[in-house]
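Peer 1: Submitted below is the structure of interest, expressed as structure tokens.
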Amino acid sequence: ADLSKISGTIQNDILKEYAARGTFIYPPKPSMKIITDIFEYCSNELPKWNTISISGYHIREAGATAAQELAFTLANGKAYLKAAIDKGLDIDVFAKRLSFFFNAHNNFFEEIAKFRAARRMWAKITKDLGAKEERSMMLRFHTQTGGSTLTAQQAKNNISRVTMQALAAVLGGTQSLHTNGFDEALSLPTEEAAKIALRTQQIIAFESGVTDTVDPLAGSYFIES
């Protein structure tokens, strides 16, 4: 295979393992070395590969608020930038391949504002650390709807929750999306639940019109403030 043509993403975010999940293997310093080694290798050999998915999702699931999710995730992102710069890597090469992974909960406008704020904040963080190219300053992110918001009681109410959360992510500018199955508080999703989760995305994408505008809520007094 021609490695230069391979695209994909690895999560590779050890700092959130320490903050939220506890599934780390190595201490922080060796972990950071592995991560920056991957940045370096992929910059040279796999230019289309997303070398890390900096994850706020698990931090939110562990009990963080929307603001805390953003604070911890962007702080982790900044730590990765600094570690790679300290290794001698060019921010305008490796920063283009960093991606993020956020959660979407039920407070519709707060979630939209969170995503829009994240994009502005990351642009400033990268610029302050020396990024010159626009693509290096872009916050590209995946969103998953909130697992911890799903109820086992009256599970079909989760369809409405997932729809609102997914719509907030789209209005906030997400690049990709995971919609949870309505029965995930009970078990792995059934085929019916998985299909409804897929159809939820398709209805938003192809029937709601929200994808026709780049940033449909820009200028909203409530969102901007």
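A note on labels: chains of the structure tokens are A, B, ... as shown, every chain counts residues from 1, and ligands are counted from 1 in their shown order.
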Give me, as a Markdown table, each residue of range 1-45 of chain A that comes within 7 Å of range 85-105 of chain A, together with its shortest interatomic pair and the distance in Å at one decimal, counting only C-alpha atoms, with rows ordered by chain and rising residue number.

Peer 2:
| residue | atom | partner | partner_atom | distance |
| --- | --- | --- | --- | --- |
| A:Phe39 | CA | A:Phe94 | CA | 6.3 |
| A:Glu40 | CA | A:Leu89 | CA | 7.0 |
| A:Ser43 | CA | A:Phe94 | CA | 6.0 |

Peer 1: Would you please extract all helix (DSSP H, G or I) residues from range 39-222 of chain A, as assigned by DSSP on the backbone, and give them as a ChimeraX atom specification?

Peer 2: /A:39-45,57-61,66-86,91-97,108-128,134-137,147-149,157-172,191-207,210-212,221-222

Peer 1: Using only C-alpha atoms, which of the listed residues (A:Leu198, A:Val162, A:Ile25, A:Ala169) sits closest to Thr143 in chain A?

Peer 2: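 Checking each of A:Leu198, A:Val162, A:Ile25, A:Ala169 against Thr143 in chain A, counting only C-alpha atoms, the winner is A:Ala169.
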
Peer 1: Which residues come within 8 Å of Met137 in chain A, counting only C-alpha atoms, excluding same-chain residues fewer than 6 positions away, as a list in words?

Peer 2: Ala95, Lys96, Trp122, Ala123, Lys124, Thr126, Lys127 and Ala131 of chain A

Peer 1: Would you put the residues from that selection into a file with N, CA, C and O atoms, as a JSON list (two decimals), in the first residue's frame?

Peer 2:
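Output below, filename part.json:
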[["chain", "number", "residue", "atom", "x", "y", "z"],
["A", 95, "ALA", "N", 0.06, 20.40, 13.00],
["A", 95, "ALA", "CA", -1.22, 20.86, 13.56],
["A", 95, "ALA", "C", -2.39, 20.65, 12.61],
["A", 95, "ALA", "O", -3.54, 20.53, 13.05],
["A", 96, "LYS", "N", -2.11, 20.57, 11.32],
["A", 96, "LYS", "CA", -3.19, 20.36, 10.34],
["A", 96, "LYS", "C", -3.84, 19.00, 10.49],
["A", 96, "LYS", "O", -4.95, 18.79, 10.01],
["A", 122, "TRP", "N", -9.36, 27.62, 19.73],
["A", 122, "TRP", "CA", -8.26, 26.82, 19.18],
["A", 122, "TRP", "C", -7.48, 27.62, 18.14],
["A", 122, "TRP", "O", -6.26, 27.53, 18.07],
["A", 123, "ALA", "N", -8.18, 28.42, 17.35],
["A", 123, "ALA", "CA", -7.49, 29.27, 16.37],
["A", 123, "ALA", "C", -6.52, 30.21, 17.06],
["A", 123, "ALA", "O", -5.39, 30.41, 16.62],
["A", 124, "LYS", "N", -6.95, 30.77, 18.18],
["A", 124, "LYS", "CA", -6.08, 31.70, 18.93],
["A", 124, "LYS", "C", -4.90, 30.95, 19.57],
["A", 124, "LYS", "O", -3.75, 31.42, 19.53],
["A", 126, "THR", "N", -3.41, 28.15, 18.62],
["A", 126, "THR", "CA", -2.42, 27.75, 17.61],
["A", 126, "THR", "C", -1.66, 28.96, 17.07],
["A", 126, "THR", "O", -0.45, 28.91, 16.88],
["A", 127, "LYS", "N", -2.39, 30.04, 16.86],
["A", 127, "LYS", "CA", -1.74, 31.26, 16.35],
["A", 127, "LYS", "C", -0.72, 31.79, 17.36],
["A", 127, "LYS", "O", 0.40, 32.18, 16.99],
["A", 131, "ALA", "N", 1.52, 29.32, 14.70],
["A", 131, "ALA", "CA", 0.92, 28.86, 13.44],
["A", 131, "ALA", "C", 0.68, 30.05, 12.51],
["A", 131, "ALA", "O", 0.21, 31.10, 12.94]]

Peer 1: Give the answer as one residue: which of A:Gly147, A:Gly130, A:Pro47, A:Gly181 has the shortest atom-to-atom distance to Ala197 in chain A, using only C-alpha atoms?

Peer 2: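 Looking only at the distances to Ala197 in chain A, the closest residue turns out to be A:Gly181.
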
Peer 1: Just give me the gap between CA of Ser4 in chain A and CA of Leu46 in chain A in Å, one decimal is fine.

Peer 2: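 Straight-line distance from CA of Ser4 in chain A to CA of Leu46 in chain A works out to 4.8 Å.
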
Peer 1: Quick one: DSSP strand (DSSP E) residues in chain A, as an NGL selection string?

Peer 2: :A and (8-9 or 49-50 or 52-55 or 98-104 or 141-145 or 176-178)

Peer 1: Would you work out the distance separating CA of Gln11 in chain A from CA of Ala83 in chain A, expressed in Å to one decimal?

Peer 2: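 The value is 17.1 Å.
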
Peer 1: Which residues are near Asn180 in chain A? Cut-off 12 Å, only C-alpha atoms, ignore same chain within fewer than 5 positions. Put them as a VMD selection string.

Peer 2: chain A and resid 103 to 105 143 to 151 155 to 156 158 to 166 185 187 to 190 193 to 201

Peer 1: List the spatial neighbours of Leu217 in chain A as a VMD selection string - criterion: any atom at most 9 Å away, only C-alpha atoms, same-chain residues fewer than 2 positions off excluded.

Peer 2: chain A and resid 112 171 to 172 215 219 to 220 223 to 224

Peer 1: Write out the residues from the selection above, keeping C-alpha atoms, as a CSV table (one decimal), in the first residue's frame.

Peer 2:
chain,number,residue,atom,x,y,z
A,112,ILE,CA,-23.9,25.1,20.1
A,171,LEU,CA,-25.3,23.9,14.1
A,172,GLY,CA,-22.0,24.2,16.0
A,215,ASP,CA,-22.7,28.9,10.3
A,219,GLY,CA,-25.1,36.8,14.8
A,220,SER,CA,-27.6,35.4,17.2
A,223,ILE,CA,-25.5,32.5,21.1
A,224,GLU,CA,-22.8,35.2,20.7
